[in-house]
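Student: What follows is upload37.csv, CSV, C-alpha atoms.
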```csv
chain,number,residue,atom,x,y,z
A,201,MET,CA,40.3,151.3,-40.5
A,202,ASN,CA,40.6,155.0,-39.5
A,203,SER,CA,43.9,156.8,-40.0
A,204,MET,CA,42.6,160.1,-38.7
A,205,LEU,CA,43.3,161.9,-35.4
A,206,GLU,CA,41.0,164.4,-33.8
A,207,TYR,CA,41.8,166.9,-31.1
A,208,LYS,CA,40.0,170.2,-30.1
A,209,GLY,CA,38.0,170.1,-33.3
A,210,TYR,CA,41.0,169.7,-35.6
A,211,HIS,CA,41.7,166.6,-37.7
A,212,ALA,CA,44.9,165.1,-39.0
A,213,SER,CA,45.6,162.5,-41.6
A,214,ILE,CA,48.4,160.0,-40.8
A,215,GLU,CA,50.8,158.2,-43.1
A,216,TYR,CA,53.7,155.8,-42.4
A,217,ASP,CA,57.1,156.8,-43.8
A,218,ALA,CA,58.9,153.5,-44.3
A,219,GLU,CA,62.2,155.2,-45.3
A,220,ASP,CA,62.5,157.1,-42.1
A,221,ASN,CA,60.5,154.6,-40.0
A,222,ILE,CA,58.2,157.2,-38.6
A,223,PHE,CA,54.5,158.2,-38.6
A,224,VAL,CA,53.9,161.5,-40.3
A,225,GLY,CA,50.7,163.6,-39.7
A,226,GLU,CA,49.3,166.7,-41.3
A,227,VAL,CA,46.4,168.8,-39.9
A,228,PHE,CA,43.9,169.4,-42.7
A,229,GLY,CA,41.0,171.7,-43.3
A,230,ILE,CA,42.9,174.9,-42.4
A,231,THR,CA,45.1,177.3,-44.5
A,232,ASP,CA,48.0,177.2,-42.0
A,233,SER,CA,50.4,174.3,-42.3
A,234,LEU,CA,50.7,172.1,-39.3
A,235,ASN,CA,52.8,168.9,-39.5
A,236,PHE,CA,54.1,166.5,-36.9
A,237,HIS,CA,55.7,163.1,-36.6
A,238,GLY,CA,56.3,160.3,-34.1
A,239,THR,CA,58.0,156.9,-33.9
A,240,SER,CA,55.1,155.3,-32.1
A,241,VAL,CA,51.3,155.8,-32.0
A,242,THR,CA,51.5,157.2,-28.5
A,243,GLU,CA,54.3,159.7,-29.5
A,244,LEU,CA,52.3,160.6,-32.7
A,245,LYS,CA,49.2,161.5,-30.7
A,246,GLU,CA,51.2,163.5,-28.2
A,247,MET,CA,52.9,165.4,-31.0
A,248,PHE,CA,49.6,166.1,-32.7
A,249,GLU,CA,48.0,167.5,-29.5
A,250,GLN,CA,51.2,169.5,-28.8
A,251,SER,CA,51.1,171.0,-32.4
A,252,ILE,CA,47.5,172.0,-31.9
A,253,ASP,CA,48.1,173.5,-28.5
A,254,ASN,CA,51.2,175.4,-29.8
A,255,TYR,CA,49.2,176.7,-32.8
A,256,LEU,CA,46.4,178.0,-30.6
A,257,GLU,CA,48.8,179.5,-28.2
A,258,LEU,CA,50.8,181.2,-31.0
A,259,CYS,CA,47.6,182.6,-32.6
A,260,GLU,CA,46.5,184.0,-29.2
A,261,LYS,CA,50.0,185.5,-28.6
A,262,ILE,CA,50.1,187.3,-32.0
A,263,GLY,CA,46.4,188.3,-32.0
A,264,LYS,CA,45.4,186.1,-34.9
A,265,SER,CA,42.1,184.1,-35.0
A,266,PRO,CA,43.1,180.5,-35.4
A,267,ASP,CA,41.8,178.8,-38.6
A,268,LYS,CA,38.8,176.6,-38.0
A,269,GLU,CA,38.3,173.7,-40.3
A,270,PHE,CA,35.2,173.2,-42.3
A,271,LYS,CA,33.7,176.6,-42.3
A,272,GLY,CA,30.7,175.3,-44.2
A,273,THR,CA,31.7,176.9,-47.5
A,274,PHE,CA,33.8,175.5,-50.3
A,275,ASN,CA,34.2,176.0,-54.1
A,276,ILE,CA,34.0,173.1,-56.5
A,277,ARG,CA,34.9,173.0,-60.2
A,278,ILE,CA,32.7,170.9,-62.4
A,279,PRO,CA,32.1,170.8,-66.1
A,280,SER,CA,29.8,173.5,-67.3
A,281,GLU,CA,27.3,171.0,-68.7
A,282,MET,CA,27.1,169.3,-65.2
A,283,HIS,CA,26.6,172.8,-63.6
A,284,LYS,CA,23.8,173.5,-66.1
A,285,ARG,CA,22.1,170.1,-65.4
A,286,ALA,CA,22.3,170.6,-61.6
A,287,ALA,CA,20.9,174.1,-61.8
A,288,LEU,CA,18.0,173.0,-64.0
A,289,GLU,CA,17.2,170.1,-61.7
A,290,ALA,CA,17.3,172.4,-58.7
A,291,ALA,CA,14.9,174.7,-60.4
A,292,LYS,CA,12.6,171.8,-61.2
A,293,GLN,CA,12.6,170.9,-57.5
A,294,LYS,CA,12.1,174.5,-56.6
A,295,ILE,CA,15.2,174.6,-54.4
A,296,THR,CA,18.4,176.5,-54.7
A,297,LEU,CA,21.5,175.0,-56.4
A,298,ASN,CA,23.2,175.1,-52.9
A,299,GLN,CA,20.3,173.0,-51.4
A,300,TYR,CA,20.5,170.6,-54.4
A,301,VAL,CA,24.2,170.1,-53.8
A,302,MET,CA,23.7,169.6,-50.1
A,303,LYS,CA,21.0,167.1,-50.8
A,304,ALA,CA,23.2,165.1,-53.2
A,305,ILE,CA,26.1,165.1,-50.7
A,306,ASP,CA,23.8,164.0,-47.9
A,307,GLN,CA,22.4,161.2,-50.1
A,308,SER,CA,26.0,160.0,-50.9
A,309,PHE,CA,26.5,159.4,-47.1
A,310,GLN,CA,23.7,156.8,-47.0
A,311,THR,CA,25.3,153.5,-46.3
A,312,GLN,CA,24.4,150.1,-47.5
A,313,GLU,CA,23.0,149.4,-44.0
A,314,ASN,CA,20.1,151.7,-44.8
A,315,ILE,CA,19.2,149.6,-47.8
A,316,LYS,CA,16.6,146.8,-47.3
A,317,GLU,CA,18.0,143.5,-48.4
A,318,THR,CA,15.6,140.9,-49.8
A,319,ILE,CA,16.8,137.4,-50.1
A,320,ILE,CA,14.7,135.2,-52.4
A,321,PHE,CA,15.3,131.4,-52.3
A,322,ILE,CA,14.4,129.7,-55.6
A,323,PRO,CA,14.5,125.9,-55.6
A,324,TYR,CA,15.8,124.3,-58.8
A,325,GLY,CA,12.4,123.1,-59.8
A,326,ALA,CA,11.0,126.6,-59.8
A,327,ARG,CA,9.9,128.3,-63.0
A,328,GLN,CA,12.7,130.2,-64.7
A,329,MET,CA,12.4,134.0,-64.6
A,330,ASN,CA,14.6,137.0,-65.1
A,331,TRP,CA,14.3,138.6,-61.7
A,332,GLU,CA,16.4,141.6,-62.4
A,333,SER,CA,14.3,142.8,-65.4
A,334,HIS,CA,11.1,141.7,-63.7
A,335,SER,CA,10.0,140.2,-67.0
A,336,ASP,CA,7.5,137.6,-65.8
A,337,GLU,CA,4.5,139.6,-64.8
A,338,GLY,CA,2.2,136.5,-64.6
A,339,PHE,CA,4.4,135.0,-61.9
A,340,MET,CA,4.4,138.3,-59.9
A,341,ALA,CA,0.6,138.6,-60.2
A,342,MET,CA,0.3,135.5,-58.0
A,343,PHE,CA,1.7,137.6,-55.2
A,344,HIS,CA,0.4,141.1,-55.9
A,345,ASP,CA,-1.7,142.8,-58.6
A,346,THR,CA,1.2,145.0,-59.6
A,347,PRO,CA,4.9,144.3,-58.8
A,348,ILE,CA,6.5,146.6,-56.3
A,349,TRP,CA,10.1,147.4,-56.9
A,350,SER,CA,12.1,149.9,-55.0
A,351,LYS,CA,15.5,151.4,-55.9
A,352,LYS,CA,16.4,151.3,-52.2
A,353,GLU,CA,16.2,147.5,-52.1
A,354,LYS,CA,19.0,145.2,-52.8
A,355,SER,CA,18.0,141.7,-53.9
A,356,VAL,CA,20.1,138.6,-53.4
A,357,TYR,CA,19.0,135.4,-55.1
A,358,ALA,CA,19.9,132.0,-53.9
A,359,GLY,CA,19.2,128.6,-55.3
A,360,ASN,CA,19.8,125.1,-54.0
```
Please go through the file and, once you have read it, give me the structure as structure tokens.
Tutor:
Amino acid sequence: MNSMLEYKGYHASIEYDAEDNIFVGEVFGITDSLNFHGTSVTELKEMFEQSIDNYLELCEKIGKSPDKEFKGTFNIRIPSEMHKRAALEAAKQKITLNQYVMKAIDQSFQTQENIKETIIFIPYGARQMNWESHSDEGFMAMFHDTPIWSKKEKSVYAGN
């Protein structure tokens, strides 16, 4: 479910106000405050687009550059120990702290769809083994000299 609107590169979050029986929207990612509302989805979208158009027109009229969302810079506050650990890890990888943070954020966007799923069917008569801890090396040796385990794999075990 997506409760965001987009128009001319601006985005707004939407909430429903049960007390007033209206949808309320707020443009985010800019320092100027732009809010709008509507009693239907159609009216809400129209009011959002009108608020963006009015904002851009007003900025042009008064000679102000309109705020653009997501300029590509932001400040974060983290505990000093986490800052230290991130900086040391970045140095180990021979990258900047900025590159390290970008890499971490990018990795957080990887979805479960990118993870290989392995389904293993084990009949009741099969030898018991702790698959999660990979504790039965002899059993695995029947299939490969050394077990291959990947952190990007998700295993699902099914029995009959």
Student: Kindly provide, as an mmCIF file with C-alpha atoms, in the coordinates of the input, the polymer residues lying within 12 Å of (41.3, 170.3, -43.3), counting all atoms listed in the file and using the coordinates exactly as they appear in the file.
Tutor:
```cif
data_model
loop_
_atom_site.group_PDB
_atom_site.id
_atom_site.type_symbol
_atom_site.label_atom_id
_atom_site.label_comp_id
_atom_site.auth_asym_id
_atom_site.auth_seq_id
_atom_site.Cartn_x
_atom_site.Cartn_y
_atom_site.Cartn_z
ATOM 1 C CA MET A 204 42.600 160.100 -38.700
ATOM 2 C CA LEU A 205 43.300 161.900 -35.400
ATOM 3 C CA GLU A 206 41.000 164.400 -33.800
ATOM 4 C CA GLY A 209 38.000 170.100 -33.300
ATOM 5 C CA TYR A 210 41.000 169.700 -35.600
ATOM 6 C CA HIS A 211 41.700 166.600 -37.700
ATOM 7 C CA ALA A 212 44.900 165.100 -39.000
ATOM 8 C CA SER A 213 45.600 162.500 -41.600
ATOM 9 C CA GLU A 226 49.300 166.700 -41.300
ATOM 10 C CA VAL A 227 46.400 168.800 -39.900
ATOM 11 C CA PHE A 228 43.900 169.400 -42.700
ATOM 12 C CA GLY A 229 41.000 171.700 -43.300
ATOM 13 C CA ILE A 230 42.900 174.900 -42.400
ATOM 14 C CA THR A 231 45.100 177.300 -44.500
ATOM 15 C CA ASP A 232 48.000 177.200 -42.000
ATOM 16 C CA SER A 233 50.400 174.300 -42.300
ATOM 17 C CA LEU A 234 50.700 172.100 -39.300
ATOM 18 C CA ASP A 267 41.800 178.800 -38.600
ATOM 19 C CA LYS A 268 38.800 176.600 -38.000
ATOM 20 C CA GLU A 269 38.300 173.700 -40.300
ATOM 21 C CA PHE A 270 35.200 173.200 -42.300
ATOM 22 C CA LYS A 271 33.700 176.600 -42.300
ATOM 23 C CA GLY A 272 30.700 175.300 -44.200
ATOM 24 C CA PHE A 274 33.800 175.500 -50.300
#
```
Student: Enter the distance from CA of Ser280 (chain A) to CA of Tyr300 (chain A), in Å, rounded to one decimal.
Tutor: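 Those two atoms sit 16.2 Å apart.
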Student: List the neighbours of region 294-299 of chain A out to 12 Å using only C-alpha atoms; skip same-chain residues closer than 4 positions along the sequence, and give me the result as a list in words.
Tutor: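 That gives Gly272, Thr273, Phe274, Asn275, Ile276, Met282, His283, Lys284, Arg285, Ala286, Ala287, Leu288, Glu289, Ala290, Lys303, Ala304, Ile305 and Asp306 of chain A.
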Student: Record the distance separating CA of Glu215 (chain A) and CA of Cys259 (chain A), expressed in Å with one decimal.
Tutor: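 Distance reported for this atom pair: 26.8 Å.
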Student: Skip Gly238 (chain A) itself and residues of its chain fewer than 3 positions away, then list as a PyMOL selection string all residues within 7 Å of it, counting all atoms listed in the file.
Tutor: chain A and resi 222-224+243-244+247
Student: To one decimal in Å, tell me the separation between CA of Leu258 (chain A) and CA of Asp217 (chain A).
Tutor: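 CA of Asp217 (chain A) lies at a distance of 28.3 Å from CA of Leu258 (chain A).
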Student: Smallest atom-to-atom distance to Ser251 (chain A): which of A:Tyr216, A:Phe236, A:Tyr207, A:Phe309, using only C-alpha atoms?
Tutor: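 Nearest to Ser251 (chain A): A:Phe236.
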